[in-house]
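> This is work.txt (compact mmCIF, C-alpha atoms).
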```txt
# COMPACT_ATOMS: atom_id res chain seq x y z
CA MET A 290 -29.01 -78.98 2.80
CA GLU A 291 -27.78 -81.01 5.72
CA TYR A 292 -25.45 -78.20 6.74
CA SER A 293 -28.06 -75.45 6.89
CA ASN A 294 -30.30 -77.77 8.87
CA LEU A 295 -27.54 -78.27 11.39
CA ARG A 296 -26.86 -74.57 11.46
CA ARG A 297 -30.48 -73.82 12.19
CA GLN A 298 -30.53 -76.39 14.96
CA ILE A 299 -27.45 -74.84 16.53
CA ILE A 300 -28.86 -71.34 16.42
CA CYS A 301 -32.16 -72.55 17.84
CA MET A 302 -30.49 -74.44 20.58
CA LYS A 303 -28.30 -71.57 21.58
CA LYS A 304 -31.26 -69.21 21.58
CA SER A 305 -33.24 -71.56 23.78
CA LEU A 306 -30.34 -71.96 26.19
CA PHE A 307 -30.30 -68.21 26.56
CA ASP A 308 -34.07 -67.72 26.62
CA GLN A 309 -34.54 -70.36 29.29
CA GLY A 310 -31.85 -68.71 31.35
CA TYR A 311 -29.33 -71.54 31.32
CA LEU A 312 -26.65 -69.31 29.85
CA ASP A 313 -25.94 -65.62 29.95
CA GLU A 314 -23.77 -63.06 28.18
CA GLN A 315 -20.60 -64.57 29.62
CA PHE A 316 -21.03 -67.54 27.27
CA ASN A 317 -20.91 -65.11 24.33
CA GLN A 318 -17.72 -63.67 25.79
CA LEU A 319 -16.22 -67.16 25.73
CA GLU A 320 -17.24 -67.65 22.11
CA GLU A 321 -15.56 -64.38 21.19
CA LEU A 322 -12.31 -65.75 22.55
CA GLN A 323 -12.49 -68.71 20.20
CA ASP A 324 -10.64 -68.45 16.91
CA GLU A 325 -8.38 -70.39 14.55
CA SER A 326 -5.60 -70.47 17.13
CA SER A 327 -7.93 -71.89 19.75
CA PRO A 328 -10.80 -73.43 17.78
CA ASN A 329 -12.24 -75.55 20.60
CA PHE A 330 -11.77 -73.11 23.40
CA VAL A 331 -15.37 -72.91 24.55
CA GLU A 332 -15.89 -76.64 24.67
CA GLU A 333 -12.57 -77.07 26.47
CA VAL A 334 -13.48 -74.60 29.19
CA VAL A 335 -16.94 -76.10 29.55
CA VAL A 336 -15.46 -79.59 29.92
CA LEU A 337 -13.09 -78.29 32.59
CA PHE A 338 -16.07 -76.74 34.33
CA PHE A 339 -18.03 -79.97 34.36
CA ASN A 340 -15.05 -81.95 35.65
CA ASP A 341 -14.52 -79.40 38.37
CA SER A 342 -18.18 -79.00 39.27
CA SER A 343 -18.89 -82.74 39.38
CA ARG A 344 -16.07 -83.11 41.85
CA LEU A 345 -17.38 -80.20 43.91
CA LEU A 346 -20.93 -81.57 43.96
CA THR A 347 -19.63 -84.92 45.20
CA ASN A 348 -17.66 -83.14 47.92
CA ILE A 349 -20.71 -81.11 48.87
CA GLU A 350 -22.81 -84.25 49.13
CA GLN A 351 -20.18 -85.96 51.28
CA THR A 352 -19.81 -82.93 53.49
CA LEU A 353 -23.58 -82.81 53.98
CA GLU A 354 -23.57 -86.39 55.20
CA LYS A 355 -21.11 -85.70 57.97
CA TYR A 356 -22.29 -84.84 61.44
CA PRO A 357 -21.91 -82.26 62.77
CA GLN A 358 -22.27 -80.45 59.46
CA ASP A 359 -19.32 -78.32 58.47
CA PHE A 360 -21.06 -75.22 57.12
CA TYR A 361 -17.80 -73.39 56.66
CA GLN A 362 -16.55 -76.11 54.33
CA LEU A 363 -19.92 -76.27 52.58
CA ASP A 364 -19.93 -72.55 52.02
CA SER A 365 -16.42 -72.71 50.60
CA LEU A 366 -17.31 -75.54 48.19
CA VAL A 367 -20.46 -73.86 46.96
CA HIS A 368 -18.55 -70.62 46.56
CA GLN A 369 -16.10 -72.37 44.25
CA LEU A 370 -18.93 -73.94 42.29
CA LYS A 371 -20.68 -70.61 41.96
CA GLY A 372 -17.48 -68.93 40.83
CA SER A 373 -16.62 -71.31 38.04
CA GLY A 374 -20.27 -71.45 36.95
CA THR A 375 -20.23 -67.69 36.59
CA SER A 376 -17.08 -67.89 34.50
CA ILE A 377 -18.78 -69.97 31.83
CA GLY A 378 -22.07 -68.07 31.99
CA ALA A 379 -24.04 -70.85 33.71
CA ILE A 380 -26.46 -68.43 35.28
CA ARG A 381 -29.01 -70.93 36.60
CA MET A 382 -26.24 -72.91 38.32
CA LYS A 383 -24.98 -69.68 39.80
CA ASN A 384 -28.41 -68.84 41.16
CA GLU A 385 -28.92 -72.28 42.62
CA CYS A 386 -25.61 -71.88 44.40
CA SER A 387 -26.73 -68.56 45.85
CA VAL A 388 -29.92 -70.20 47.10
CA PHE A 389 -27.90 -73.02 48.60
CA LYS A 390 -25.57 -70.59 50.32
CA ALA A 391 -28.52 -68.69 51.73
CA HIS A 392 -29.87 -71.92 53.18
CA CYS A 393 -26.58 -72.91 54.74
CA ASN A 394 -27.91 -71.65 58.02
CA ASP A 395 -31.27 -73.34 57.60
CA LYS A 396 -29.98 -76.84 58.07
CA SER A 397 -32.49 -77.97 55.46
CA LEU A 398 -30.00 -78.29 52.66
CA GLU A 399 -30.93 -81.63 51.22
CA GLY A 400 -33.60 -80.09 48.98
CA SER A 401 -31.25 -77.36 47.80
CA LEU A 402 -28.59 -79.91 46.98
CA GLN A 403 -30.98 -81.95 44.87
CA LYS A 404 -32.02 -78.84 42.96
CA MET A 405 -28.41 -77.96 42.33
CA LYS A 406 -27.66 -81.46 41.10
CA ARG A 407 -30.64 -81.37 38.78
CA GLU A 408 -29.58 -78.03 37.32
CA HIS A 409 -26.09 -79.33 36.85
CA ALA A 410 -27.22 -82.51 35.08
CA THR A 411 -29.63 -80.60 32.83
CA LEU A 412 -27.04 -78.03 31.82
CA LYS A 413 -24.50 -80.75 31.15
CA LYS A 414 -26.87 -82.64 28.89
CA LYS A 415 -27.90 -79.54 26.97
CA LEU A 416 -24.34 -78.35 26.44
CA GLU A 417 -23.18 -81.81 25.40
CA THR A 418 -25.86 -81.79 22.70
CA TYR A 419 -24.89 -78.25 21.69
CA PHE A 420 -21.22 -79.12 21.27
CA GLN A 421 -22.09 -82.32 19.46
CA LEU A 422 -24.00 -80.27 16.89
CA MET A 423 -21.11 -77.84 16.64
CA ARG A 424 -18.70 -80.67 15.99
CA GLN A 425 -21.00 -82.14 13.36
CA ALA A 426 -21.23 -78.79 11.65
CA GLY A 427 -17.45 -78.60 11.54
CA PRO A 428 -14.87 -75.84 11.91
CA ARG A 429 -16.62 -73.43 9.57
CA GLU A 430 -19.63 -73.38 11.86
CA ARG A 431 -17.50 -72.67 14.90
CA ALA A 432 -15.93 -69.66 13.22
CA VAL A 433 -19.27 -68.27 12.14
CA ASN A 434 -21.02 -68.91 15.44
CA SER A 435 -18.37 -67.23 17.52
CA ARG A 436 -18.78 -63.99 15.63
CA LYS A 437 -22.39 -63.59 16.80
CA MET B 23 18.61 -49.82 14.84
CA ALA B 24 15.17 -50.72 13.64
CA VAL B 25 12.65 -51.62 16.28
CA ALA B 26 11.87 -55.29 15.91
CA THR B 27 8.65 -56.82 17.21
CA GLU B 28 8.80 -56.38 20.95
CA THR B 29 8.93 -59.23 23.34
CA PRO B 30 5.47 -59.47 24.81
CA PHE B 31 4.89 -58.61 28.44
CA HIS B 32 4.79 -61.56 30.77
CA VAL B 33 1.89 -61.99 33.15
CA LEU B 34 1.74 -64.44 36.02
CA ALA B 35 -1.85 -65.53 36.64
CA VAL B 36 -2.82 -67.15 39.93
CA ASP B 37 -6.14 -68.96 40.42
CA ASP B 38 -7.04 -72.21 42.15
CA SER B 39 -9.94 -72.91 39.77
CA LEU B 40 -8.95 -74.74 36.60
CA PRO B 41 -11.70 -73.39 34.32
CA ASP B 42 -10.92 -69.88 35.56
CA ARG B 43 -7.23 -70.40 34.88
CA LYS B 44 -7.98 -71.46 31.35
CA LEU B 45 -10.17 -68.43 30.84
CA ILE B 46 -7.68 -65.91 32.20
CA GLU B 47 -4.92 -67.52 30.18
CA ARG B 48 -6.96 -67.20 27.01
CA LEU B 49 -7.91 -63.61 27.80
CA LEU B 50 -4.27 -62.71 28.34
CA LYS B 51 -2.96 -64.55 25.29
CA THR B 52 -5.64 -62.99 23.09
CA SER B 53 -4.40 -59.65 24.38
CA SER B 54 -0.84 -60.51 23.32
CA PHE B 55 0.58 -61.24 26.72
CA GLN B 56 2.89 -64.09 27.50
CA VAL B 57 1.28 -66.10 30.30
CA THR B 58 2.30 -68.37 33.11
CA THR B 59 -0.50 -69.81 35.25
CA VAL B 60 -0.16 -71.30 38.72
CA ASP B 61 -2.83 -72.66 41.02
CA SER B 62 -1.75 -71.19 44.35
CA GLY B 63 -0.13 -68.23 46.04
CA SER B 64 2.77 -70.34 47.30
CA LYS B 65 3.50 -71.60 43.77
CA ALA B 66 3.38 -68.01 42.59
CA LEU B 67 5.98 -67.00 45.16
CA GLN B 68 8.11 -69.97 44.18
CA PHE B 69 7.96 -68.92 40.55
CA LEU B 70 8.84 -65.37 41.50
CA GLY B 71 11.90 -66.60 43.32
CA LEU B 72 10.72 -65.90 46.84
CA HIS B 73 11.43 -68.75 49.17
CA ASP B 74 9.33 -69.24 52.25
CA GLU B 75 10.41 -68.06 55.68
CA GLU B 76 12.13 -71.33 56.61
CA SER B 77 14.67 -70.97 53.83
CA PRO B 78 17.85 -69.19 54.92
CA VAL B 79 18.45 -67.88 51.42
CA SER B 80 17.43 -64.30 50.93
CA VAL B 81 16.47 -63.35 47.43
CA HIS B 82 17.13 -60.26 45.37
CA ALA B 83 15.80 -59.07 42.06
CA ASP B 84 18.72 -60.46 40.09
CA GLN B 85 17.78 -63.93 41.14
CA LEU B 86 14.41 -63.81 39.43
CA ASP B 87 14.72 -66.51 36.81
CA VAL B 88 12.06 -65.05 34.63
CA ALA B 89 10.89 -61.46 34.50
CA VAL B 90 7.25 -61.00 35.38
CA ASN B 91 5.70 -57.73 34.32
CA LEU B 92 2.37 -58.11 36.10
CA ILE B 93 0.71 -60.48 38.53
CA ILE B 94 -3.02 -61.13 38.37
CA THR B 95 -4.48 -63.19 41.17
CA ASP B 96 -7.80 -64.47 42.43
CA TYR B 97 -8.72 -63.25 45.88
CA CYS B 98 -10.41 -66.34 47.33
CA MET B 99 -7.95 -69.19 47.35
CA PRO B 100 -7.36 -71.90 49.95
CA GLY B 101 -4.24 -71.43 52.07
CA MET B 102 -2.70 -68.20 50.85
CA THR B 103 -5.37 -65.81 49.66
CA GLY B 104 -4.78 -63.28 46.90
CA TYR B 105 -4.53 -60.64 49.61
CA ASP B 106 -1.83 -62.63 51.46
CA LEU B 107 0.06 -62.99 48.19
CA LEU B 108 -0.25 -59.27 47.51
CA LYS B 109 1.18 -58.50 50.94
CA LYS B 110 4.14 -60.81 50.46
CA ILE B 111 4.88 -59.24 47.08
CA LYS B 112 4.73 -55.72 48.45
CA GLU B 113 6.95 -56.70 51.40
CA SER B 114 9.64 -57.95 49.05
CA SER B 115 12.15 -55.36 47.94
CA SER B 116 12.69 -57.22 44.69
CA LEU B 117 9.06 -57.75 43.79
CA ARG B 118 7.22 -54.76 45.16
CA ASP B 119 7.35 -52.80 41.92
CA ILE B 120 5.55 -55.49 39.95
CA PRO B 121 1.95 -54.36 39.47
CA VAL B 122 -0.62 -56.64 41.07
CA VAL B 123 -4.24 -57.04 40.01
CA ILE B 124 -6.78 -58.78 42.20
CA MET B 125 -9.81 -60.66 40.81
CA SER B 126 -12.86 -61.56 42.82
CA SER B 127 -16.34 -62.86 42.14
CA GLU B 128 -17.64 -60.82 45.06
CA ASN B 129 -18.19 -57.10 44.97
CA ILE B 130 -17.30 -56.22 48.55
CA PRO B 131 -16.17 -52.57 48.87
CA SER B 132 -14.22 -53.16 52.10
CA ARG B 133 -12.33 -56.00 50.41
CA ILE B 134 -11.58 -53.87 47.36
CA ASN B 135 -10.35 -50.99 49.52
CA ARG B 136 -8.20 -53.26 51.61
CA CYS B 137 -6.49 -54.58 48.49
CA LEU B 138 -5.98 -51.16 46.97
CA GLU B 139 -4.59 -49.86 50.25
CA GLU B 140 -2.17 -52.76 50.40
CA GLY B 141 -0.87 -51.72 46.99
CA ALA B 142 -2.97 -53.56 44.42
CA ASP B 143 -3.08 -51.58 41.20
CA GLU B 144 -6.45 -52.77 39.99
CA PHE B 145 -9.40 -54.85 41.09
CA PHE B 146 -11.38 -56.88 38.56
CA LEU B 147 -14.80 -58.29 39.27
CA LYS B 148 -15.21 -61.79 37.88
CA PRO B 149 -16.00 -62.91 35.31
CA VAL B 150 -13.10 -61.03 33.82
CA ARG B 151 -13.70 -59.81 30.28
CA LEU B 152 -11.59 -59.04 27.26
CA SER B 153 -12.20 -55.33 27.80
CA ASP B 154 -10.53 -55.58 31.21
CA MET B 155 -7.28 -56.64 29.57
CA SER B 156 -6.68 -53.17 28.14
CA LYS B 157 -6.33 -51.89 31.70
CA LEU B 158 -3.22 -53.97 32.31
CA LYS B 159 -0.67 -52.43 29.98
CA PRO B 160 -0.76 -48.93 31.53
CA HIS B 161 0.18 -50.42 34.90
CA ILE B 162 3.07 -52.32 33.37
CA LEU B 163 4.37 -49.28 31.52
CA LYS B 164 4.12 -47.16 34.65
CA SER B 165 6.14 -49.65 36.66
CA ARG B 166 8.74 -49.95 33.91
CA CYS B 167 9.25 -46.20 33.95
CA LYS B 168 9.91 -46.49 37.66
CA GLU B 169 12.25 -49.42 37.10
CA HIS B 170 14.25 -47.64 34.40
CA TYR B 171 14.58 -44.63 36.63
CA HIS B 172 15.93 -46.77 39.46
CA GLN B 173 18.26 -48.57 37.09
CA GLU B 174 19.64 -45.29 35.80
CA GLN B 175 20.30 -44.23 39.35
CA HIS B 176 22.19 -47.47 40.01
CA GLN B 177 24.09 -47.15 36.78
CA GLN B 178 25.32 -43.73 37.78
CA ILE B 179 26.45 -45.02 41.14
CA ASP B 180 28.15 -48.06 39.60
CA SER B 181 29.96 -46.12 36.94
CA ASN B 182 31.42 -43.97 39.66
CA SER B 183 32.92 -47.00 41.40
CA ASN B 184 34.93 -49.85 39.80
CA GLU B 185 33.51 -51.86 36.93
CA SER B 186 30.86 -54.29 38.02
CA SER B 187 31.85 -57.94 38.14
CA ASN B 188 28.34 -58.99 37.34
CA PRO B 189 28.07 -59.31 33.57
CA THR B 190 24.31 -59.21 33.63
CA ASN B 191 24.05 -56.01 35.62
CA ASN B 192 21.49 -53.48 34.41
CA SER B 193 20.42 -55.36 31.35
CA SER B 194 18.02 -57.36 33.47
CA ASN B 195 14.96 -56.60 31.37
CA SER B 196 16.32 -57.76 28.04
CA ARG B 197 18.10 -60.68 29.63
CA LYS B 198 15.03 -61.99 31.32
CA ARG B 199 12.61 -61.72 28.44
CA LYS B 200 13.05 -65.30 27.40
CA ALA B 201 10.48 -67.14 29.38
CA ALA B 202 8.68 -70.02 27.84
CA ASP B 203 5.22 -70.45 29.17
CA ASP B 204 5.77 -72.62 32.18
CA GLU B 205 9.45 -73.35 32.16
CA ILE B 206 11.92 -71.73 34.44
CA LEU B 207 15.08 -71.03 32.48
CA PRO B 208 18.19 -71.03 34.60
CA GLN B 209 20.14 -67.81 34.35
CA THR B 210 23.88 -67.31 34.81
CA ASN B 211 23.47 -65.67 38.19
CA ARG B 212 21.98 -68.88 39.60
CA LEU B 213 25.57 -70.19 39.70
CA ARG B 214 26.18 -67.91 42.66
CA HIS B 215 24.41 -70.40 44.86
CA SER B 216 25.93 -73.65 43.65
```
Represent the supplied structure as structure tokens.

Amino acid sequence: MEYSNLRRQIICMKKSLFDQGYLDEQFNQLEELQDESSPNFVEEVVVLFFNDSSRLLTNIEQTLEKYPQDFYQLDSLVHQLKGSGTSIGAIRMKNECSVFKAHCNDKSLEGSLQKMKREHATLKKKLETYFQLMRQAGPRERAVNSRK
Amino acid sequence: MAVATETPFHVLAVDDSLPDRKLIERLLKTSSFQVTTVDSGSKALQFLGLHDEESPVSVHADQLDVAVNLIITDYCMPGMTGYDLLKKIKESSSLRDIPVVIMSSENIPSRINRCLEEGADEFFLKPVRLSDMSKLKPHILKSRCKEHYHQEQHQQIDSNSNESSNPTNNSSNSRKRKAADDEILPQTNRLRHS
């Protein structure tokens, strides 16, 4: 009873993450790489992403505060953020990064940065909930889910 | 002699991004490769046994501690880019036959062409997928054919002269196939420098 409820929640959540464009096909690719030998692979990569991306966002913010602004450095940081976002299928993050990059010449980056930070925080919260459900459901759920 | 399970091919993966390194490692391991990951081009060269220009020691193939059958590297990295790394590998007489694959998140034809012209065997657009992994083995097998051919040539030359004093001569492939994931195992020929 409790288990099928959880299962439904997980499927719903994943569907909504995809439908709302937070995640794309690449996330499925990650789940296909998860198996008994690496049962927490997806969560591990996602955690690495959030560690990395939080650091990058802080660097971006600090770089923005410096005058004169170092657009070369900014571009490089956002490029890294975009790259690792793409690797986990975080498509909205990736798009925000593209927008930010496009505005690098505009000198009106503060707005873009805030958008990127919001996207980042939202995705983090949603994925934390998702993995929490997965952990509650237990190893059987992970094996089943990754075959979808 | 029955053919036992073969030692897996060893791939050196180079990427400055930690999540990307984890992903490429998983992709490679799932595809039955042995993997070593490093986070920079200079660490890759170190692992491959190439010292930087300041070092007076020149390096030959025998001094490779661990055989690497293929190198896969990200293009955009701080300091030494994947392209710089590719060039250094192709400039080295001992390493130039190791197939090199470049990965990039950007689809820039001039960049791709530049890499292929410099000797890269393959270019993968990121994110790299499981299906891309099947493209690696053909490059490894092709380079091993070349290597065996060269070794046979050397063997013929050696057998014509006196016996070689190097006990590990010409069995380099089987000798080197012992690498643990990130450890460098010292080989007997290292003693030449002590």
> Using all atoms listed in the file, determine which residues of chain A fall within 10 Å of chain B; present them as a PyMOL selection string.
chain A and resi 315+318-319+321-324+326-327+330-331+333-342+365+368-378
> Create the file for the chosen residues now, containing C-alpha atoms and written as a short mmCIF file (atom, residue, chain, number, x, y, z; two decimals), in the frame of the given file.

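Once everything was written out, this is again.cif:
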```cif
data_model
loop_
_atom_site.label_atom_id
_atom_site.label_comp_id
_atom_site.auth_asym_id
_atom_site.auth_seq_id
_atom_site.Cartn_x
_atom_site.Cartn_y
_atom_site.Cartn_z
CA GLN A 315 -20.60 -64.57 29.62
CA GLN A 318 -17.72 -63.67 25.79
CA LEU A 319 -16.22 -67.16 25.73
CA GLU A 321 -15.56 -64.38 21.19
CA LEU A 322 -12.31 -65.75 22.55
CA GLN A 323 -12.49 -68.71 20.20
CA ASP A 324 -10.64 -68.45 16.91
CA SER A 326 -5.60 -70.47 17.13
CA SER A 327 -7.93 -71.89 19.75
CA PHE A 330 -11.77 -73.11 23.40
CA VAL A 331 -15.37 -72.91 24.55
CA GLU A 333 -12.57 -77.07 26.47
CA VAL A 334 -13.48 -74.60 29.19
CA VAL A 335 -16.94 -76.10 29.55
CA VAL A 336 -15.46 -79.59 29.92
CA LEU A 337 -13.09 -78.29 32.59
CA PHE A 338 -16.07 -76.74 34.33
CA PHE A 339 -18.03 -79.97 34.36
CA ASN A 340 -15.05 -81.95 35.65
CA ASP A 341 -14.52 -79.40 38.37
CA SER A 342 -18.18 -79.00 39.27
CA SER A 365 -16.42 -72.71 50.60
CA HIS A 368 -18.55 -70.62 46.56
CA GLN A 369 -16.10 -72.37 44.25
CA LEU A 370 -18.93 -73.94 42.29
CA LYS A 371 -20.68 -70.61 41.96
CA GLY A 372 -17.48 -68.93 40.83
CA SER A 373 -16.62 -71.31 38.04
CA GLY A 374 -20.27 -71.45 36.95
CA THR A 375 -20.23 -67.69 36.59
CA SER A 376 -17.08 -67.89 34.50
CA ILE A 377 -18.78 -69.97 31.83
CA GLY A 378 -22.07 -68.07 31.99
#
```
> Please, which residues are within 12 Å of (2.8, -60.0, 34.9) by the file's coordinates, counting all atoms listed in the file, and could they come as a PyMOL selection string?
chain B and resi 30-36+47+50+55-59+66+69-70+88-95+117+119-123+155+158-159+161-163+165-166+199+201
> Could you state the separation of atom CA of B:Asp143 and atom CA of B:Ser116 in Å, given to one decimal place?
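Interatomic distance here is 17.1 Å.
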> Between atom CA of A:Glu385 and atom CA of A:Lys404, measure the distance and give it in Å to one decimal.
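Taking atom CA of A:Glu385 as the start and atom CA of A:Lys404 as the end point, the length is 7.3 Å.
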> (-27.0, -76.3, 50.1) in this file's frame - what residues fall within 12 Å of it? Use all atoms listed in the file and give the answer as a PDB file with C-alpha atoms, in the coordinates of the input.

```pdb
ATOM      1  CA  LEU A 346     -20.930 -81.570  43.960  1.00  0.00           C
ATOM      2  CA  ASN A 348     -17.660 -83.140  47.920  1.00  0.00           C
ATOM      3  CA  ILE A 349     -20.710 -81.110  48.870  1.00  0.00           C
ATOM      4  CA  GLU A 350     -22.810 -84.250  49.130  1.00  0.00           C
ATOM      5  CA  GLN A 351     -20.180 -85.960  51.280  1.00  0.00           C
ATOM      6  CA  THR A 352     -19.810 -82.930  53.490  1.00  0.00           C
ATOM      7  CA  LEU A 353     -23.580 -82.810  53.980  1.00  0.00           C
ATOM      8  CA  GLU A 354     -23.570 -86.390  55.200  1.00  0.00           C
ATOM      9  CA  GLN A 358     -22.270 -80.450  59.460  1.00  0.00           C
ATOM     10  CA  ASP A 359     -19.320 -78.320  58.470  1.00  0.00           C
ATOM     11  CA  PHE A 360     -21.060 -75.220  57.120  1.00  0.00           C
ATOM     12  CA  TYR A 361     -17.800 -73.390  56.660  1.00  0.00           C
ATOM     13  CA  GLN A 362     -16.550 -76.110  54.330  1.00  0.00           C
ATOM     14  CA  LEU A 363     -19.920 -76.270  52.580  1.00  0.00           C
ATOM     15  CA  ASP A 364     -19.930 -72.550  52.020  1.00  0.00           C
ATOM     16  CA  SER A 365     -16.420 -72.710  50.600  1.00  0.00           C
ATOM     17  CA  LEU A 366     -17.310 -75.540  48.190  1.00  0.00           C
ATOM     18  CA  VAL A 367     -20.460 -73.860  46.960  1.00  0.00           C
ATOM     19  CA  HIS A 368     -18.550 -70.620  46.560  1.00  0.00           C
ATOM     20  CA  LEU A 370     -18.930 -73.940  42.290  1.00  0.00           C
ATOM     21  CA  LYS A 371     -20.680 -70.610  41.960  1.00  0.00           C
ATOM     22  CA  ASN A 384     -28.410 -68.840  41.160  1.00  0.00           C
ATOM     23  CA  GLU A 385     -28.920 -72.280  42.620  1.00  0.00           C
ATOM     24  CA  CYS A 386     -25.610 -71.880  44.400  1.00  0.00           C
ATOM     25  CA  SER A 387     -26.730 -68.560  45.850  1.00  0.00           C
ATOM     26  CA  VAL A 388     -29.920 -70.200  47.100  1.00  0.00           C
ATOM     27  CA  PHE A 389     -27.900 -73.020  48.600  1.00  0.00           C
ATOM     28  CA  LYS A 390     -25.570 -70.590  50.320  1.00  0.00           C
ATOM     29  CA  ALA A 391     -28.520 -68.690  51.730  1.00  0.00           C
ATOM     30  CA  HIS A 392     -29.870 -71.920  53.180  1.00  0.00           C
ATOM     31  CA  CYS A 393     -26.580 -72.910  54.740  1.00  0.00           C
ATOM     32  CA  ASN A 394     -27.910 -71.650  58.020  1.00  0.00           C
ATOM     33  CA  ASP A 395     -31.270 -73.340  57.600  1.00  0.00           C
ATOM     34  CA  LYS A 396     -29.980 -76.840  58.070  1.00  0.00           C
ATOM     35  CA  SER A 397     -32.490 -77.970  55.460  1.00  0.00           C
ATOM     36  CA  LEU A 398     -30.000 -78.290  52.660  1.00  0.00           C
ATOM     37  CA  GLU A 399     -30.930 -81.630  51.220  1.00  0.00           C
ATOM     38  CA  GLY A 400     -33.600 -80.090  48.980  1.00  0.00           C
ATOM     39  CA  SER A 401     -31.250 -77.360  47.800  1.00  0.00           C
ATOM     40  CA  LEU A 402     -28.590 -79.910  46.980  1.00  0.00           C
ATOM     41  CA  GLN A 403     -30.980 -81.950  44.870  1.00  0.00           C
ATOM     42  CA  LYS A 404     -32.020 -78.840  42.960  1.00  0.00           C
ATOM     43  CA  MET A 405     -28.410 -77.960  42.330  1.00  0.00           C
ATOM     44  CA  LYS A 406     -27.660 -81.460  41.100  1.00  0.00           C
TER      45      LYS A 406
END
```
> What does the structure give for the distance between atom CA of A:Leu306 and atom CA of A:His409, in Å to one decimal?
13.6 Å
> With a distance cut-off of 8 Å and all atoms listed in the file, select the neighbouring residues of A:Ile299, excluding the residue or stretch itself and same-chain residues fewer than 2 positions from it, and output the selection as number ranges by chain.
A: 295-297, 301-303, 419, 422-423
> Export C-alpha atoms of the chosen residues as an mmCIF file, in the frame of the given file?

```cif
data_model
loop_
_atom_site.group_PDB
_atom_site.id
_atom_site.type_symbol
_atom_site.label_atom_id
_atom_site.label_comp_id
_atom_site.auth_asym_id
_atom_site.auth_seq_id
_atom_site.Cartn_x
_atom_site.Cartn_y
_atom_site.Cartn_z
ATOM 1 C CA LEU A 295 -27.540 -78.270 11.390
ATOM 2 C CA ARG A 296 -26.860 -74.570 11.460
ATOM 3 C CA ARG A 297 -30.480 -73.820 12.190
ATOM 4 C CA CYS A 301 -32.160 -72.550 17.840
ATOM 5 C CA MET A 302 -30.490 -74.440 20.580
ATOM 6 C CA LYS A 303 -28.300 -71.570 21.580
ATOM 7 C CA TYR A 419 -24.890 -78.250 21.690
ATOM 8 C CA LEU A 422 -24.000 -80.270 16.890
ATOM 9 C CA MET A 423 -21.110 -77.840 16.640
#
```
> Would you compute, for all listed atoms of stretch 352-361 of chain A, the axis-aligned bounding box grown by 3 Å on each side, and then report its centre and edge lengths in Å rounded to one decimal, as lines of an AutoDock Vina configuration file?

```
center_x = -20.7
center_y = -79.9
center_z = 58.1
size_x = 11.8
size_y = 19.0
size_z = 15.3
```
